[in-house]
Structures are given as structure tokens and as C-alpha cells.
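Q: Input structure: target_21.txt, which contains compact mmCIF, C-alpha atoms and all ligand atoms.
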```txt
# COMPACT_ATOMS: atom_id res chain seq x y z
CA MET A 533 -102.06 72.90 -13.14
CA ILE A 534 -101.37 76.56 -12.30
CA ARG A 535 -98.88 78.07 -14.67
CA VAL A 536 -96.56 80.70 -13.18
CA TYR A 537 -96.70 84.09 -14.87
CA GLU A 538 -93.07 84.26 -16.04
CA LYS A 539 -93.06 87.21 -18.39
CA ARG A 540 -95.56 90.07 -18.35
CA PHE A 541 -97.76 90.42 -21.42
CA ASP A 542 -96.33 93.88 -22.17
CA GLY A 543 -92.75 92.92 -21.27
CA ARG A 544 -92.53 95.06 -18.13
CA LYS A 545 -90.70 94.00 -14.96
CA PHE A 546 -93.02 92.82 -12.20
CA ASP A 547 -92.26 95.96 -10.17
CA GLU A 548 -92.49 98.40 -13.07
CA LEU A 549 -95.22 100.97 -13.76
CA ARG A 550 -96.60 101.49 -17.25
CA PRO A 551 -95.30 104.65 -18.97
CA VAL A 552 -96.72 107.66 -17.10
CA LYS A 553 -97.53 111.17 -18.31
CA MET A 554 -98.93 113.98 -16.18
CA LYS A 555 -99.80 117.59 -16.93
CA VAL A 556 -101.71 120.24 -15.01
CA ASP A 557 -103.74 123.22 -16.17
CA VAL A 558 -105.30 121.52 -19.19
CA VAL A 559 -108.93 122.72 -18.88
CA PRO A 560 -109.12 126.51 -19.28
CA SER A 561 -112.59 126.92 -17.71
CA ALA A 562 -111.73 124.93 -14.56
CA ASP A 563 -110.11 126.33 -11.42
CA GLY A 564 -107.64 123.46 -11.58
CA SER A 565 -107.14 120.48 -13.85
CA ALA A 566 -104.82 117.62 -14.68
CA VAL A 567 -104.41 114.87 -17.18
CA VAL A 568 -102.87 111.57 -16.10
CA GLU A 569 -101.96 108.77 -18.48
CA ILE A 570 -100.66 105.46 -17.22
CA GLY A 571 -100.21 103.13 -20.14
CA ASN A 572 -103.51 103.01 -22.00
CA THR A 573 -105.50 104.28 -19.03
CA LYS A 574 -106.08 107.98 -19.55
CA VAL A 575 -108.09 110.41 -17.43
CA ILE A 576 -108.71 114.11 -17.12
CA ALA A 577 -109.69 115.78 -13.84
CA SER A 578 -111.30 119.21 -13.47
CA VAL A 579 -111.83 121.09 -10.21
CA PHE A 580 -114.40 123.82 -9.61
CA GLY A 581 -114.33 125.72 -6.33
CA PRO A 582 -114.20 126.22 -3.45
CA LYS A 583 -117.48 128.06 -4.11
CA PRO A 584 -120.62 128.69 -2.00
CA LEU A 585 -122.76 125.56 -1.79
CA HIS A 586 -126.36 125.77 -2.96
CA PRO A 587 -128.99 124.94 -1.83
CA LYS A 588 -127.87 126.47 1.46
CA HIS A 589 -129.34 123.74 3.66
CA LEU A 590 -126.60 121.41 2.35
CA GLN A 591 -123.87 123.73 3.67
CA ASN A 592 -121.73 122.72 6.62
CA PRO A 593 -120.97 125.78 8.79
CA GLU A 594 -117.88 124.02 10.21
CA LYS A 595 -116.13 122.94 7.01
CA GLY A 596 -116.23 122.71 3.25
CA ILE A 597 -117.58 119.74 1.33
CA LEU A 598 -115.74 117.70 -1.31
CA ARG A 599 -117.81 116.16 -4.10
CA CYS A 600 -116.29 113.73 -6.61
CA TYR A 601 -117.75 112.52 -9.88
CA TYR A 602 -116.14 109.67 -11.84
CA ASP A 603 -117.32 109.00 -15.38
CA MET A 604 -116.17 106.71 -18.18
CA MET A 605 -116.73 108.05 -21.67
CA SER A 606 -118.65 105.87 -24.12
CA PHE A 607 -115.60 105.45 -26.36
CA SER A 608 -113.16 104.69 -23.50
CA VAL A 609 -113.67 100.92 -23.72
CA PRO A 610 -113.68 98.56 -26.74
CA GLU A 611 -117.43 97.99 -26.53
CA ARG A 612 -119.34 101.29 -26.29
CA LYS A 613 -120.33 102.09 -22.70
CA ARG A 614 -123.82 103.47 -22.23
CA PRO A 615 -123.50 107.10 -21.08
CA GLY A 616 -124.52 108.09 -17.58
CA PRO A 617 -123.85 106.96 -14.03
CA THR A 618 -123.71 103.29 -13.07
CA ARG A 619 -123.40 101.49 -9.74
CA ARG A 620 -119.69 101.16 -10.52
CA SER A 621 -119.19 104.87 -11.21
CA ILE A 622 -121.06 105.80 -8.03
CA GLU A 623 -118.85 103.43 -6.04
CA ILE A 624 -115.64 104.80 -7.60
CA SER A 625 -116.77 108.40 -6.96
CA MET A 626 -117.17 107.50 -3.28
CA VAL A 627 -113.77 105.75 -3.17
CA MET A 628 -112.18 108.87 -4.70
CA LYS A 629 -113.78 111.18 -2.15
CA ASN A 630 -112.67 108.97 0.74
CA ALA A 631 -109.14 108.75 -0.65
CA LEU A 632 -108.77 112.53 -0.99
CA ALA A 633 -110.86 114.23 1.72
CA SER A 634 -108.45 113.72 4.65
CA THR A 635 -105.68 115.60 2.82
CA LEU A 636 -107.78 118.74 2.25
CA LEU A 637 -108.01 121.54 4.83
CA LEU A 638 -111.80 121.59 4.55
CA GLU A 639 -112.13 123.65 7.73
CA GLU A 640 -110.59 126.58 5.84
CA PHE A 641 -113.65 126.96 3.61
CA PRO A 642 -116.84 126.44 5.65
CA LYS A 643 -120.18 126.53 3.80
CA ALA A 644 -118.34 125.97 0.50
CA VAL A 645 -118.03 123.06 -1.90
CA VAL A 646 -115.27 121.77 -4.14
CA ASP A 647 -116.41 119.73 -7.13
CA VAL A 648 -114.02 117.28 -8.83
CA PHE A 649 -115.04 115.77 -12.16
CA VAL A 650 -112.96 112.94 -13.61
CA GLU A 651 -113.55 111.72 -17.15
CA VAL A 652 -111.91 108.48 -18.28
CA TYR A 653 -111.29 108.78 -22.00
CA GLU A 654 -109.35 105.53 -22.37
CA ALA A 655 -109.71 102.62 -19.97
CA ASN A 656 -107.27 99.75 -19.60
CA ALA A 657 -107.52 98.85 -15.88
CA GLY A 658 -106.58 101.01 -12.92
CA THR A 659 -108.91 103.85 -13.83
CA ARG A 660 -109.91 104.51 -10.21
CA CYS A 661 -106.23 104.87 -9.28
CA ALA A 662 -105.43 107.18 -12.21
CA SER A 663 -108.55 109.18 -11.26
CA ILE A 664 -107.39 109.67 -7.65
CA THR A 665 -103.90 110.69 -8.80
CA ALA A 666 -105.32 113.16 -11.34
CA ALA A 667 -107.92 114.54 -8.93
CA SER A 668 -105.32 115.26 -6.25
CA LEU A 669 -103.12 116.98 -8.83
CA ALA A 670 -106.05 119.06 -10.11
CA LEU A 671 -106.99 120.05 -6.54
CA ALA A 672 -103.43 121.27 -5.99
CA ASP A 673 -103.50 123.08 -9.33
CA ALA A 674 -106.72 124.82 -8.21
CA GLY A 675 -104.93 126.00 -5.06
CA VAL A 676 -107.30 124.17 -2.72
CA PRO A 677 -105.62 124.19 0.72
CA MET A 678 -104.20 120.73 1.33
CA ARG A 679 -101.71 118.90 3.52
CA ASP A 680 -100.22 116.78 0.75
CA LEU A 681 -100.89 115.05 -2.55
CA VAL A 682 -102.39 111.56 -2.90
CA SER A 683 -101.23 109.11 -5.55
CA ALA A 684 -102.71 105.73 -6.33
CA VAL A 685 -101.85 102.53 -8.17
CA ALA A 686 -103.11 98.97 -8.31
CA VAL A 687 -101.00 96.00 -7.27
CA GLY A 688 -101.97 92.39 -7.34
CA LYS A 689 -101.32 88.79 -8.02
CA VAL A 690 -101.29 87.46 -11.55
CA GLY A 691 -100.51 83.79 -12.24
CA GLY A 692 -98.86 83.46 -8.83
CA MET A 693 -96.67 86.58 -9.18
CA ILE A 694 -97.02 89.86 -7.27
CA VAL A 695 -97.16 92.64 -9.86
CA LEU A 696 -97.37 96.41 -9.95
CA ASP A 697 -99.92 98.31 -12.05
CA LEU A 698 -102.06 95.64 -13.71
CA THR A 699 -103.30 95.98 -17.29
CA LYS A 700 -106.74 94.82 -18.35
CA GLU A 701 -105.14 91.78 -19.98
CA GLU A 702 -103.51 90.90 -16.65
CA GLU A 703 -106.76 91.45 -14.74
CA ASP A 704 -108.33 88.93 -17.14
CA HIS A 705 -105.48 86.39 -16.81
CA PRO A 706 -106.78 82.86 -17.41
CA GLU A 707 -105.31 81.69 -14.08
CA GLY A 708 -107.21 84.46 -12.29
CA ALA A 709 -105.93 87.72 -10.87
CA THR A 710 -106.12 89.60 -7.59
CA ASP A 711 -106.52 93.35 -7.95
CA ILE A 712 -105.63 95.70 -5.07
CA PRO A 713 -106.01 99.43 -5.75
CA ILE A 714 -104.06 101.49 -3.19
CA ALA A 715 -104.02 105.25 -2.57
CA MET A 716 -101.26 106.79 -0.45
CA VAL A 717 -100.47 110.23 0.97
CA GLY A 718 -97.08 111.33 -0.41
CA ARG A 719 -94.85 112.17 2.55
CA SER A 720 -96.53 110.32 5.41
CA GLY A 721 -97.10 107.13 3.39
CA LYS A 722 -100.55 106.81 5.00
CA ILE A 723 -102.95 104.68 2.98
CA THR A 724 -106.27 106.44 2.31
CA ALA A 725 -107.87 103.80 0.10
CA LEU A 726 -107.38 100.07 -0.26
CA GLN A 727 -109.67 97.65 -2.03
CA LEU A 728 -109.13 93.96 -2.68
CA ASP A 729 -110.76 91.90 -5.38
CA GLY A 730 -109.63 88.27 -5.37
CA ALA A 731 -107.68 85.97 -3.08
CA ILE A 732 -104.24 86.53 -1.53
CA THR A 733 -102.28 85.27 1.49
CA LYS A 734 -101.16 87.56 4.32
CA GLU A 735 -97.49 87.30 3.25
CA GLU A 736 -98.35 88.06 -0.36
CA LEU A 737 -100.47 91.02 0.71
CA LYS A 738 -97.53 92.43 2.69
CA LYS A 739 -95.32 92.14 -0.40
CA ALA A 740 -98.01 93.68 -2.58
CA LEU A 741 -98.42 96.62 -0.20
CA GLU A 742 -94.68 97.31 -0.27
CA LEU A 743 -94.78 97.28 -4.06
CA GLY A 744 -97.83 99.56 -4.05
CA LYS A 745 -96.07 102.04 -1.79
CA LYS A 746 -93.09 102.05 -4.13
CA GLY A 747 -95.36 102.73 -7.12
CA CYS A 748 -97.22 105.50 -5.28
CA SER A 749 -93.91 107.17 -4.31
CA ILE A 750 -92.82 107.28 -7.96
CA LEU A 751 -96.20 108.76 -8.97
CA TYR A 752 -95.99 111.29 -6.12
CA GLU A 753 -92.65 112.58 -7.42
CA MET A 754 -94.16 112.86 -10.89
CA GLN A 755 -97.12 114.82 -9.52
CA ARG A 756 -94.73 117.28 -7.87
CA LYS A 757 -92.79 117.61 -11.11
CA ALA A 758 -96.00 118.27 -13.07
CA LEU A 759 -96.97 121.06 -10.66
CA LYS A 760 -93.50 122.61 -10.80
CA ALA A 761 -93.48 122.41 -14.62
CA LYS A 762 -96.48 124.76 -14.71
CA TYR A 763 -94.37 127.46 -13.08
CA GLY A 764 -91.21 126.61 -15.00
CA VAL A 765 -89.56 125.31 -11.80
CA ARG A 766 -87.51 122.13 -11.92
P1 LIG B 801 -110.46 100.02 -12.47
O1 LIG B 801 -110.60 100.69 -13.79
O2 LIG B 801 -110.24 100.96 -11.35
O3 LIG B 801 -109.44 98.89 -12.49
P2 LIG B 801 -112.51 97.92 -12.51
O4 LIG B 801 -111.71 96.85 -11.87
O5 LIG B 801 -113.98 98.03 -12.17
O6 LIG B 801 -111.88 99.36 -12.15
O7 LIG B 801 -112.39 97.85 -14.08
C1 LIG B 801 -111.30 97.30 -14.70
C2 LIG B 801 -111.28 97.63 -16.15
O8 LIG B 801 -112.36 96.98 -16.80
C3 LIG B 801 -111.46 99.09 -16.52
O9 LIG B 801 -110.29 99.86 -16.35
C4 LIG B 801 -111.85 98.96 -17.96
O10 LIG B 801 -110.69 98.70 -18.76
C5 LIG B 801 -112.73 97.73 -17.92
N1 LIG B 801 -114.15 98.11 -17.81
C6 LIG B 801 -114.79 98.59 -16.75
N2 LIG B 801 -116.08 98.86 -17.03
C7 LIG B 801 -116.27 98.53 -18.31
C8 LIG B 801 -117.38 98.56 -19.22
N3 LIG B 801 -118.57 99.03 -18.85
N4 LIG B 801 -117.16 98.12 -20.48
C9 LIG B 801 -115.96 97.64 -20.85
N5 LIG B 801 -114.88 97.61 -20.05
C10 LIG B 801 -115.01 98.04 -18.80
```
Translate this file's structure into C-alpha cells.
Ligand code: ADP
A:
Amino acid sequence: MIRVYEKRFDGRKFDELRPVKMKVDVVPSADGSAVVEIGNTKVIASVFGPKPLHPKHLQNPEKGILRCYYDMMSFSVPERKRPGPTRRSIEISMVMKNALASTLLLEEFPKAVVDVFVEVYEANAGTRCASITAASLALADAGVPMRDLVSAVAVGKVGGMIVLDLTKEEEDHPEGATDIPIAMVGRSGKITALQLDGAITKEELKKALELGKKGCSILYEMQRKALKAKYGVR
């Protein structure tokens, strides 16, 4: 018998985000940086560039190139993660790039590259979403020309309920869970990334998307606040 998920493990409402903290300008040597914490998922993003791309044959004379690197630190998960890239980190790096590239005015810096490095120093589900949110914030902090910020959050189905911002415990729910990371452009509400791991009906997906958009809007406002805080603007 499938038991309905009546109360969330951490006591949150089904449409509630975990506690969020954001701060920009945290890495002195980077051109832009941001830290994003959402519950026990914590990431730091550093941006370097735009700068001339070498070797030159990789340059695009029409527009700049965005490169993203996602990495999980060995101590970010309960059981030590072997350092270095994995298939998963390569996939998430690609998802990040695809989620962010359309918001950047890449044509304004031909032949150049912007590098974004995201380090996960504590992982408790939703690291790809926190990474996209932090990367977009760090790109803005670096002054990279952009149309708008991107924020991201996971929604899903846990024990028959549609929930916002899954924890690892929820992802591992004994009744099974459906995990749907979503990235959204702030003002337009356009979705730039959407993945789906698990099963869900069309109606449930619609509901989940609405919830995801709500979560992304809250994160977007927090991103704006974090940028303004750097300049002492409210
Ligand atoms: P996301 O972090 O975007 O939700 P996944 O669904 O692949 O991406 O991972 C879910 C969670 O599983 C991670 O946030 C982390 O808590 C955990 N996890 C991922 N990789 C590992 C690993 N190598 N060792 C232990 N836990 C991991």
C-alpha cells in the first residue's frame, strides 16, 4: 500500500523552500563570485573573465564562449567522494551551461571566454540547482553583460505529494520520489533547464511546474537583494 507523505521530514510546508542564504563577492581573486546555501546544500561559484581565449583556434570571432565546471568536494557528502570529474559532474556542468548561456550577451565579447567554477562544499540534494543560482549571481557580480538572472530549484513528487525543494532524505523516500530540477529566467519566466527523474502524470507535472516557478521567483528576488547588498542598496 502506498502511504501518503503527510508531513515533511524537516517539518516544512509542501510549497516551502529550505532556509536560503546568498552573498556575492566572496572570492577575492575572482572577477565575480557568490555563495548560495539552501538548507544543507551549499555551493560557491567563481567567475573569471571575459578574457581572451587560448589556444586561439578555439575562439569564436562572432561571440564569447561560456565554460562551466561543477565539482563536488570530497567532504561534501557523508561518504568521501573521490576527487576529480565524474560522468555526473560533466553532465551537471553541461546542464549549467545550457541553463545560463541564453541570458548572457555573448556577442558583446567575441573571441573571449568566461569561466564559471562551482564547488559544492555540502551536498544534500538540489546541488545542480544551487549551482545554477550561484553561477548566475557570480556572473552578474563579475559584470558580465546579461539580460537577466537565472534561478533554479527542484520540485517533485514524494509519497504522492507535490513538493518544492527536495532534501536528500525526500529523494530517498521509501515510496520513491520524482525529482524535477527547473531553472527559470527571472522576469520572463522562461525555463532554461528542466530534467525529470522518476514518474509523474501530466496534471501533476503542471502543478509541479507552477510550484517550481514560485520557488524560482523567490530565489530571483533573493539574488537581486544579494547584488544590491554589495552596494549598500536596499
Ligand atoms: P542534485 O544534487 O542536483 O540533486 P543528484 O540527483 O545527482 O543531483 O544528486 C542528489 C544528491 O545525492 C546530491 O545532492 C548529494 O546529496 C547526493 N550525492 C550525489 N553524488 C554523491 C556521491 N558521489 N556520494 C554521496 N552522495 C552523493
Q: Residues within 10 Å of ligand LIG 801 (chain B), counting all atoms listed in the file: report them as a PDB file with C-alpha atoms, keeping the file's coordinate frame.
A:
```
ATOM      1  CA  ASN A 572    -103.510 103.010 -22.000  1.00  0.00           C
ATOM      2  CA  THR A 573    -105.500 104.280 -19.030  1.00  0.00           C
ATOM      3  CA  LYS A 574    -106.080 107.980 -19.550  1.00  0.00           C
ATOM      4  CA  MET A 604    -116.170 106.710 -18.180  1.00  0.00           C
ATOM      5  CA  MET A 605    -116.730 108.050 -21.670  1.00  0.00           C
ATOM      6  CA  SER A 606    -118.650 105.870 -24.120  1.00  0.00           C
ATOM      7  CA  PHE A 607    -115.600 105.450 -26.360  1.00  0.00           C
ATOM      8  CA  SER A 608    -113.160 104.690 -23.500  1.00  0.00           C
ATOM      9  CA  VAL A 609    -113.670 100.920 -23.720  1.00  0.00           C
ATOM     10  CA  PRO A 610    -113.680  98.560 -26.740  1.00  0.00           C
ATOM     11  CA  GLU A 611    -117.430  97.990 -26.530  1.00  0.00           C
ATOM     12  CA  ARG A 612    -119.340 101.290 -26.290  1.00  0.00           C
ATOM     13  CA  LYS A 613    -120.330 102.090 -22.700  1.00  0.00           C
ATOM     14  CA  ARG A 614    -123.820 103.470 -22.230  1.00  0.00           C
ATOM     15  CA  PRO A 615    -123.500 107.100 -21.080  1.00  0.00           C
ATOM     16  CA  THR A 618    -123.710 103.290 -13.070  1.00  0.00           C
ATOM     17  CA  ARG A 620    -119.690 101.160 -10.520  1.00  0.00           C
ATOM     18  CA  SER A 621    -119.190 104.870 -11.210  1.00  0.00           C
ATOM     19  CA  GLU A 623    -118.850 103.430  -6.040  1.00  0.00           C
ATOM     20  CA  ILE A 624    -115.640 104.800  -7.600  1.00  0.00           C
ATOM     21  CA  VAL A 652    -111.910 108.480 -18.280  1.00  0.00           C
ATOM     22  CA  GLU A 654    -109.350 105.530 -22.370  1.00  0.00           C
ATOM     23  CA  ALA A 655    -109.710 102.620 -19.970  1.00  0.00           C
ATOM     24  CA  ASN A 656    -107.270  99.750 -19.600  1.00  0.00           C
ATOM     25  CA  ALA A 657    -107.520  98.850 -15.880  1.00  0.00           C
ATOM     26  CA  GLY A 658    -106.580 101.010 -12.920  1.00  0.00           C
ATOM     27  CA  THR A 659    -108.910 103.850 -13.830  1.00  0.00           C
ATOM     28  CA  ARG A 660    -109.910 104.510 -10.210  1.00  0.00           C
ATOM     29  CA  CYS A 661    -106.230 104.870  -9.280  1.00  0.00           C
ATOM     30  CA  ALA A 662    -105.430 107.180 -12.210  1.00  0.00           C
ATOM     31  CA  SER A 663    -108.550 109.180 -11.260  1.00  0.00           C
ATOM     32  CA  ILE A 664    -107.390 109.670  -7.650  1.00  0.00           C
ATOM     33  CA  VAL A 685    -101.850 102.530  -8.170  1.00  0.00           C
ATOM     34  CA  ALA A 686    -103.110  98.970  -8.310  1.00  0.00           C
ATOM     35  CA  ASP A 697     -99.920  98.310 -12.050  1.00  0.00           C
ATOM     36  CA  LEU A 698    -102.060  95.640 -13.710  1.00  0.00           C
ATOM     37  CA  THR A 699    -103.300  95.980 -17.290  1.00  0.00           C
ATOM     38  CA  LYS A 700    -106.740  94.820 -18.350  1.00  0.00           C
ATOM     39  CA  GLU A 701    -105.140  91.780 -19.980  1.00  0.00           C
ATOM     40  CA  GLU A 703    -106.760  91.450 -14.740  1.00  0.00           C
ATOM     41  CA  ASP A 704    -108.330  88.930 -17.140  1.00  0.00           C
ATOM     42  CA  ASP A 711    -106.520  93.350  -7.950  1.00  0.00           C
ATOM     43  CA  ILE A 712    -105.630  95.700  -5.070  1.00  0.00           C
ATOM     44  CA  PRO A 713    -106.010  99.430  -5.750  1.00  0.00           C
ATOM     45  CA  GLN A 727    -109.670  97.650  -2.030  1.00  0.00           C
ATOM     46  CA  LEU A 728    -109.130  93.960  -2.680  1.00  0.00           C
ATOM     47  CA  ASP A 729    -110.760  91.900  -5.380  1.00  0.00           C
TER      48      ASP A 729
END
```
Q: Would you please work out which residue, of A:Met554, A:Val695, A:Leu743, A:Val568, is nearest to Ala709 (chain A) when using all atoms listed in the file?
A: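 Going through A:Met554, A:Val695, A:Leu743, A:Val568 one by one, the smallest distance to Ala709 (chain A) is for A:Val695.
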Q: Any idea what's packed within 10 Å of Met693 (chain A), counting only C-alpha atoms, ignoring anything in its chain fewer than 2 positions away? Could you give it as a PyMOL selection string?
A: chain A and resi 536-540+546+688-691+695-696+709+736+740
Q: Write the residues you've just listed into a file as a PDB file, in the frame of the given file, and include C-alpha atoms for each of them.
A:
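Once everything was written out, this is again-v7.pdb:
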```pdb
ATOM      1  CA  VAL A 536     -96.560  80.700 -13.180  1.00  0.00           C
ATOM      2  CA  TYR A 537     -96.700  84.090 -14.870  1.00  0.00           C
ATOM      3  CA  GLU A 538     -93.070  84.260 -16.040  1.00  0.00           C
ATOM      4  CA  LYS A 539     -93.060  87.210 -18.390  1.00  0.00           C
ATOM      5  CA  ARG A 540     -95.560  90.070 -18.350  1.00  0.00           C
ATOM      6  CA  PHE A 546     -93.020  92.820 -12.200  1.00  0.00           C
ATOM      7  CA  GLY A 688    -101.970  92.390  -7.340  1.00  0.00           C
ATOM      8  CA  LYS A 689    -101.320  88.790  -8.020  1.00  0.00           C
ATOM      9  CA  VAL A 690    -101.290  87.460 -11.550  1.00  0.00           C
ATOM     10  CA  GLY A 691    -100.510  83.790 -12.240  1.00  0.00           C
ATOM     11  CA  VAL A 695     -97.160  92.640  -9.860  1.00  0.00           C
ATOM     12  CA  LEU A 696     -97.370  96.410  -9.950  1.00  0.00           C
ATOM     13  CA  ALA A 709    -105.930  87.720 -10.870  1.00  0.00           C
ATOM     14  CA  GLU A 736     -98.350  88.060  -0.360  1.00  0.00           C
ATOM     15  CA  ALA A 740     -98.010  93.680  -2.580  1.00  0.00           C
TER      16      ALA A 740
END
```
Q: CA of Pro677 (chain A) and CA of Met628 (chain A), how far apart in Å?
A: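 It comes out at 17.5 Å.
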Q: Measuring atom to atom with only C-alpha atoms, identify which of A:Val575, A:Leu590, A:Ile714, A:Val552 is nearest to Lys643 (chain A).
A: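 The closest residue to Lys643 (chain A) is A:Leu590.
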